[in-house]
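upload_32.txt follows; it contains compact mmCIF, C-alpha atoms.
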```txt
# COMPACT_ATOMS: atom_id res chain seq x y z
CA MET A 296 0.00 0.00 0.00
CA LYS A 297 1.22 3.50 -0.84
CA THR A 298 1.70 6.13 1.84
CA VAL A 299 1.21 9.82 1.17
CA LEU A 300 2.57 12.52 3.44
CA ILE A 301 0.61 15.76 3.23
CA ALA A 302 2.51 18.78 4.49
CA GLY A 303 0.12 21.54 5.50
CA GLY A 304 -3.07 19.55 6.01
CA SER A 305 -4.70 22.32 8.04
CA GLY A 306 -4.50 24.75 5.10
CA VAL A 307 -6.87 25.29 2.18
CA VAL A 308 -5.17 22.92 -0.26
CA GLY A 309 -3.76 20.47 2.24
CA PHE A 310 -7.12 19.96 3.96
CA SER A 311 -8.86 19.00 0.72
CA ALA A 312 -5.94 16.78 -0.29
CA LEU A 313 -6.19 15.08 3.10
CA GLU A 314 -9.91 14.42 2.61
CA GLU A 315 -9.34 13.19 -0.94
CA PHE A 316 -6.69 10.63 0.00
CA LEU A 317 -8.61 9.53 3.10
CA ALA A 318 -11.56 8.70 0.84
CA ASP A 319 -9.41 6.09 -0.92
CA ASP A 320 -8.54 3.12 1.29
CA ARG A 321 -5.67 2.19 -1.02
CA TRP A 322 -3.65 4.97 0.63
CA ASN A 323 -2.10 5.29 4.04
CA VAL A 324 -2.18 8.96 5.02
CA VAL A 325 0.19 10.98 7.18
CA ASN A 326 -0.60 14.64 7.88
CA VAL A 327 2.02 17.16 8.94
CA SER A 328 0.84 20.46 10.41
CA ARG A 329 1.16 22.30 13.69
CA ARG A 330 -2.53 21.68 14.51
CA ARG A 331 -4.63 18.62 13.73
CA PRO A 332 -7.24 19.23 10.99
CA GLU A 333 -10.88 18.55 11.82
CA THR A 334 -11.70 16.27 8.90
CA LYS A 335 -15.12 15.14 7.77
CA SER A 336 -13.72 11.70 7.11
CA THR A 337 -13.95 9.25 9.99
CA ARG A 338 -11.06 7.20 8.67
CA PRO A 339 -8.05 7.36 11.00
CA PHE A 340 -4.81 8.96 9.86
CA ARG A 341 -1.50 9.74 11.46
CA HIS A 342 -0.99 13.35 12.49
CA LEU A 343 2.42 14.83 13.24
CA SER A 344 2.73 18.31 14.73
CA VAL A 345 5.90 19.74 13.21
CA ASP A 346 7.28 23.22 12.61
CA LEU A 347 8.83 22.79 9.18
CA ARG A 348 11.14 25.74 9.83
CA ASP A 349 12.87 23.72 12.54
CA THR A 350 15.45 21.48 10.87
CA ASP A 351 16.25 19.46 13.98
CA GLN A 352 12.58 18.85 14.80
CA CYS A 353 11.92 17.70 11.24
CA LYS A 354 14.81 15.26 11.37
CA GLU A 355 13.67 13.93 14.74
CA ILE A 356 10.00 13.45 13.84
CA LEU A 357 9.83 13.00 10.05
CA GLY A 358 13.06 11.03 10.03
CA GLN A 359 11.33 8.24 11.96
CA LEU A 360 8.69 7.65 9.28
CA ARG A 361 8.72 4.42 7.28
CA GLY A 362 7.29 3.60 3.87
CA VAL A 363 6.46 7.11 2.61
CA THR A 364 6.07 6.94 -1.18
CA HIS A 365 4.37 10.23 -2.06
CA VAL A 366 4.50 13.80 -0.79
CA VAL A 367 1.92 16.54 -1.28
CA TYR A 368 3.69 19.70 -0.24
CA ALA A 369 1.03 22.32 0.58
CA SER A 370 2.81 24.25 3.34
CA LEU A 371 3.39 27.97 2.98
CA TYR A 372 5.13 30.70 4.95
CA GLU A 373 3.83 34.25 4.58
CA LYS A 374 4.92 37.40 6.36
CA PRO A 375 2.65 40.00 8.01
CA GLY A 376 1.36 42.36 5.32
CA LEU A 377 1.49 39.49 2.80
CA ILE A 378 2.24 41.26 -0.49
CA ALA A 379 5.42 43.06 0.58
CA GLY A 380 6.83 39.75 1.78
CA TRP A 381 6.58 38.25 -1.69
CA MET A 382 9.61 40.30 -2.74
CA GLU A 383 11.67 39.77 0.43
CA ARG A 384 14.54 37.33 0.40
CA ASP A 385 14.01 35.95 3.91
CA GLN A 386 10.46 34.93 2.98
CA MET A 387 11.79 33.09 -0.05
CA GLU A 388 14.55 31.38 1.91
CA THR A 389 12.12 30.29 4.64
CA ASN A 390 9.80 28.63 2.11
CA LEU A 391 12.77 26.86 0.55
CA LEU A 392 14.01 25.70 3.96
CA MET A 393 10.61 24.23 4.86
CA LEU A 394 10.54 22.13 1.69
CA GLN A 395 14.16 21.08 2.17
CA ASN A 396 13.51 20.02 5.76
CA THR A 397 10.57 17.90 4.59
CA ILE A 398 12.30 16.13 1.70
CA GLU A 399 15.68 15.67 3.36
CA SER A 400 14.07 14.18 6.47
CA LEU A 401 12.26 11.65 4.28
CA SER A 402 15.30 10.83 2.14
CA THR A 403 16.28 7.76 4.10
CA ASP A 404 16.53 4.05 3.35
CA SER A 405 13.19 3.62 5.13
CA ASN A 406 11.29 5.60 2.50
CA THR A 407 11.17 5.22 -1.29
CA LEU A 408 9.78 8.43 -2.71
CA GLN A 409 7.96 8.00 -6.01
CA HIS A 410 6.26 11.36 -6.53
CA VAL A 411 6.18 14.86 -5.02
CA SER A 412 3.62 17.57 -5.81
CA ILE A 413 4.44 21.21 -5.11
CA LEU A 414 2.30 24.30 -5.58
CA GLN A 415 2.88 27.63 -7.27
CA GLY A 416 0.46 30.27 -8.56
CA THR A 417 0.14 33.26 -10.85
CA LYS A 418 3.15 34.90 -9.22
CA ALA A 419 5.10 32.45 -11.37
CA TYR A 420 4.19 34.70 -14.29
CA GLY A 421 5.17 37.87 -12.40
CA LEU A 422 1.58 39.00 -11.85
CA HIS A 423 2.56 40.76 -8.61
CA LEU A 424 5.22 42.79 -10.43
CA HIS A 425 3.98 43.61 -13.92
CA PRO A 426 1.21 42.92 -16.46
CA ILE A 427 1.37 39.41 -17.89
CA PRO A 428 0.34 37.94 -21.23
CA ILE A 429 -3.19 36.57 -21.37
CA PRO A 430 -3.58 33.65 -21.39
CA ALA A 431 -0.55 32.79 -19.29
CA ARG A 432 1.25 29.77 -20.69
CA GLU A 433 2.90 27.10 -18.58
CA ARG A 434 5.39 26.46 -21.38
CA ALA A 435 6.52 30.10 -21.41
CA PRO A 436 10.10 30.85 -20.30
CA ARG A 437 10.53 31.44 -16.60
CA ASP A 438 9.69 35.04 -15.70
CA PRO A 439 12.95 36.74 -14.64
CA HIS A 440 12.27 37.73 -11.04
CA GLU A 441 13.15 36.38 -7.61
CA ASN A 442 10.52 34.02 -6.23
CA PHE A 443 10.50 31.16 -3.76
CA TYR A 444 8.71 29.16 -6.45
CA TRP A 445 11.95 29.00 -8.44
CA LEU A 446 14.01 28.10 -5.37
CA GLN A 447 11.64 25.24 -4.55
CA GLU A 448 11.31 24.04 -8.14
CA ASP A 449 15.07 24.00 -8.71
CA TYR A 450 15.66 22.20 -5.43
CA ILE A 451 13.00 19.55 -6.02
CA GLY A 452 14.28 19.05 -9.56
CA GLU A 453 17.77 18.37 -8.25
CA ARG A 454 16.55 15.96 -5.58
CA ALA A 455 14.25 14.20 -8.04
CA ALA A 456 17.19 13.59 -10.36
CA ALA A 457 19.33 12.34 -7.50
CA LEU A 458 16.73 10.11 -5.81
CA GLY A 459 14.73 9.00 -8.88
CA PHE A 460 11.25 10.31 -8.05
CA ASP A 461 8.86 12.28 -10.25
CA PHE A 462 7.43 15.66 -9.38
CA THR A 463 4.59 17.86 -10.58
CA VAL A 464 4.15 21.62 -10.24
CA LEU A 465 0.54 22.82 -9.98
CA ARG A 466 -0.45 26.47 -10.38
CA PRO A 467 -3.89 27.31 -9.04
CA GLN A 468 -4.93 30.96 -8.86
CA LEU A 469 -7.52 31.85 -6.22
CA ILE A 470 -8.43 28.80 -4.13
CA VAL A 471 -11.71 28.37 -2.27
CA GLY A 472 -11.92 25.64 0.33
CA ALA A 473 -13.40 24.45 3.59
CA PRO A 474 -11.04 25.48 6.44
CA TYR A 475 -12.31 28.62 8.16
CA GLY A 476 -9.09 29.09 10.11
CA ALA A 477 -6.87 29.46 7.04
CA ALA A 478 -5.86 33.03 6.28
CA MET A 479 -5.63 32.46 2.52
CA ASN A 480 -9.19 31.11 2.16
CA LEU A 481 -11.65 33.57 0.63
CA ALA A 482 -14.88 31.68 1.36
CA PRO A 483 -15.12 32.41 5.11
CA VAL A 484 -14.10 36.03 4.51
CA ILE A 485 -16.98 36.47 2.08
CA GLY A 486 -19.27 34.67 4.53
CA ALA A 487 -18.24 36.97 7.38
CA TYR A 488 -18.81 40.03 5.18
CA ALA A 489 -22.26 38.72 4.24
CA ALA A 490 -23.12 38.20 7.93
CA ILE A 491 -22.04 41.75 8.77
CA CYS A 492 -24.13 43.16 5.92
CA SER A 493 -27.13 41.17 7.14
CA GLU A 494 -26.70 42.35 10.72
CA LEU A 495 -26.45 45.98 9.63
CA GLY A 496 -29.28 45.70 7.14
CA GLU A 497 -26.95 46.69 4.32
CA PRO A 498 -27.09 45.22 0.80
CA PHE A 499 -24.65 42.40 0.18
CA GLY A 500 -22.68 44.01 -2.63
CA PHE A 501 -19.13 43.76 -3.86
CA PRO A 502 -17.11 46.40 -1.99
CA GLY A 503 -14.57 46.91 -4.77
CA GLY A 504 -11.27 45.45 -5.83
CA PRO A 505 -9.05 44.87 -8.89
CA PRO A 506 -10.74 45.91 -12.15
CA TYR A 507 -10.37 42.52 -13.83
CA VAL A 508 -11.76 39.02 -13.75
CA TRP A 509 -10.03 36.41 -11.60
CA GLU A 510 -10.16 32.69 -12.04
CA ALA A 511 -10.67 30.47 -9.03
CA VAL A 512 -10.63 26.79 -8.21
CA ASP A 513 -12.49 24.69 -5.69
CA ALA A 514 -9.87 23.14 -3.41
CA ARG A 515 -11.64 19.79 -3.76
CA LEU A 516 -11.03 19.86 -7.50
CA LEU A 517 -7.40 20.75 -6.98
CA ALA A 518 -7.13 17.81 -4.58
CA LYS A 519 -8.46 15.48 -7.27
CA VAL A 520 -5.79 16.75 -9.66
CA ILE A 521 -3.11 16.26 -7.00
CA LYS A 522 -4.21 12.68 -6.42
CA TRP A 523 -4.40 12.03 -10.16
CA ALA A 524 -0.85 13.32 -10.64
CA ALA A 525 0.38 11.01 -7.89
CA ASN A 526 -1.14 7.98 -9.62
CA ALA A 527 -1.33 8.61 -13.34
CA THR A 528 0.61 6.44 -15.73
CA GLN A 529 0.81 9.48 -18.03
CA ALA A 530 2.76 11.40 -15.37
CA LYS A 531 5.44 8.76 -14.84
CA GLY A 532 8.80 9.73 -16.25
CA ARG A 533 7.67 13.29 -16.90
CA ARG A 534 9.55 15.10 -14.22
CA GLY A 535 8.84 18.74 -13.80
CA ASP A 536 5.51 19.01 -15.60
CA ALA A 537 3.67 22.20 -14.64
CA ALA A 538 -0.05 22.80 -15.01
CA ASP A 539 -2.33 25.73 -14.31
CA VAL A 540 -5.43 24.50 -12.49
CA THR A 541 -8.65 26.49 -12.30
CA THR A 542 -12.24 25.34 -12.18
CA ALA A 543 -12.74 26.33 -15.82
CA ASP A 544 -9.50 24.84 -17.07
CA ALA A 545 -9.81 21.43 -15.48
CA PRO A 546 -13.29 20.26 -14.48
CA ALA A 547 -13.18 16.91 -12.72
CA PRO A 548 -13.90 14.73 -15.79
CA ALA A 549 -11.04 16.45 -17.64
CA ALA A 550 -8.43 15.97 -14.92
CA PRO A 551 -6.79 12.98 -16.67
CA ALA A 552 -5.99 15.26 -19.61
CA LEU A 553 -3.59 17.40 -17.58
CA PRO A 554 0.17 16.84 -17.94
CA THR A 555 0.70 14.61 -20.99
CA THR A 556 3.75 16.26 -22.55
CA ARG A 557 7.30 15.02 -22.80
CA SER A 558 9.90 15.25 -20.06
CA ARG A 559 10.66 18.81 -18.90
CA GLU A 560 8.00 20.26 -21.20
CA GLN A 561 5.12 22.26 -19.77
CA SER A 562 1.60 20.97 -20.17
CA GLU A 563 -0.93 23.23 -21.88
CA CYS A 564 -4.33 23.25 -20.22
CA ARG A 565 -5.87 26.49 -21.40
CA HIS A 566 -8.21 26.48 -24.39
CA HIS A 567 -10.11 29.76 -24.11
CA SER A 568 -8.96 32.81 -26.06
CA SER A 569 -11.82 35.19 -25.30
CA PRO A 570 -12.95 35.75 -21.68
CA PRO A 571 -16.57 36.56 -22.68
CA GLN A 572 -16.80 33.48 -24.90
CA TRP A 573 -15.16 31.33 -22.23
CA LEU A 574 -17.48 32.60 -19.48
CA ALA A 575 -20.54 31.99 -21.65
CA GLY A 576 -19.38 28.47 -22.35
CA TRP A 577 -18.61 27.74 -18.72
CA PHE A 578 -21.92 28.95 -17.30
CA SER A 579 -23.81 26.88 -19.88
CA ARG A 580 -22.23 23.68 -18.55
CA PRO A 581 -24.03 21.41 -16.11
CA PRO A 582 -22.68 21.42 -12.54
CA VAL A 583 -19.67 19.18 -11.88
CA ALA A 584 -20.27 16.66 -9.12
CA LEU A 585 -17.45 16.66 -6.58
```
Represent the structure from my file as structure tokens, please.
Amino acid sequence: MKTVLIAGGSGVVGFSALEEFLADDRWNVVNVSRRRPETKSTRPFRHLSVDLRDTDQCKEILGQLRGVTHVVYASLYEKPGLIAGWMERDQMETNLLMLQNTIESLSTDSNTLQHVSILQGTKAYGLHLHPIPIPARERAPRDPHENFYWLQEDYIGERAAALGFDFTVLRPQLIVGAPYGAAMNLAPVIGAYAAICSELGEPFGFPGGPPYVWEAVDARLLAKVIKWAANATQAKGRRGDAADVTTADAPAPAAPALPTTRSREQSECRHHSSPPQWLAGWFSRPPVAL
């Protein structure tokens, strides 16, 4: 039986990945986060409370694990103020260190890693620094700016080559999920705003924001893609595939069509060229059962 370690299971992505793997009894599941997630699943799983910034603690706790074959790395370090931290070197180095502590602690004779999934986002295209081409293309050259994404991707690429495992880079944009204690989850924020409007007798209207359309993805859908990438025959031997994942780009039935390109090439998931045409097509679709 395969064993997946999910780093960050109390977060938006990690929580849904945890639920997705727990729903499949072919997987043993280990969760790593500082607090234990309150899952809907009644299936037992192993929870380890670890601060991934602490190298010694990671070696002591994660280094004792046996039989880990897959890693879903969904942990993230952000600084107060959020956006300013995206350009600060210590934030980048901390996110790299957390991934290194996870992988190095598991790189023992007791574990045989087969696949690792890591997460990026639209900052990979430099969205936080400058306008980007629309649609953004996974196969485009790396945007020339400092980013912990590149530090993590280069590191995991080197370790994959050395240890013989595959890895997949997934790039969701806005993610909506279940955990109400996760700072990066928009759903409870919108819910709280709606409750305040109701209490004050004010209309529930959009208070303003960026003057453009954002794409979003249900964290449960992203979890299905993560699990598919861990299993798929098409993904084997294709180290370093990257795929944008949004609800429109990859509805659940289309998930198996994600990374199918050759080694080191970027998969192309986007098919819409006109936002109005794409939106019209999407809203005419029947709901996707999750």
(request) Find the residue from A:Gly452, A:Gly459, A:Gly306, A:Gly362 that sits nearest to A:Val324; use all atoms listed in the file when measuring. (result)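 Distance minimum relative to A:Val324 lands on A:Gly362.
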(request) Tell me, as a PyMOL selection string, which residues lie within 10 Å of stretch 340-346 of chain A, counting only C-alpha atoms; anything in the same chain fewer than 6 positions away does not count. (result) chain A and resi 300-304+313+317+323-332+352-353+355-357+393+396-397
(message) What's the separation between atom CA of A:Leu481 and atom CA of A:Val540, in Å to one decimal place?
(response)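 Spanning atom CA of A:Leu481 to atom CA of A:Val540 is a straight-line distance of 17.1 Å.
Among the candidate residues A:Ile413, A:Lys519, A:Val367, A:Ala431, the one lying nearest to A:Ile451 is A:Ile413, with distances computed using all atoms listed in the file.
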(request) Give me the residues within 8 Å of A:Ser311 as a PyMOL selection string, counting only C-alpha atoms and dropping any in the same chain fewer than 4 places off. (result) chain A and resi 304+307+315+472-473+514-515+518
Tell me, counting all atoms listed in the file, for each residue of stretch 453-472 of chain A within 9 Å of stretch 444-449 of chain A, which pair of atoms is nearest and how far apart they are in Å to one decimal, in rows ordered by chain and increasing number, as JSON lines.
```
{"residue": "A:Glu453", "atom": "CA", "partner": "A:Asp449", "partner_atom": "CA", "distance": 6.3}
{"residue": "A:Arg454", "atom": "CA", "partner": "A:Asp449", "partner_atom": "CA", "distance": 8.8}
{"residue": "A:Val464", "atom": "CA", "partner": "A:Glu448", "partner_atom": "CA", "distance": 7.8}
```
(message) Considering all atoms listed in the file, can you say which of A:Asp404, A:Glu314, A:Glu399, A:Asp351 comes closest to A:Glu333?
(response)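 Closest residue, counting all atoms listed in the file: A:Glu314.
Among A:Ile378, A:Leu517, A:Leu495, A:Val366, the residue with the shortest atom-to-atom distance to A:Gln409, counting all atoms listed in the file, is A:Val366.
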(request) Using atom CA of A:Thr389 and atom CA of A:Ser405 as the two end points, give the distance in Å to one decimal. (result)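 These two atoms are separated by 26.7 Å.
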(request) For atom CA of A:Tyr368 and atom CA of A:Ser412, quote the distance in Å rounded to one decimal. (result)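 Separation between atom CA of A:Tyr368 and atom CA of A:Ser412: 6.0 Å.
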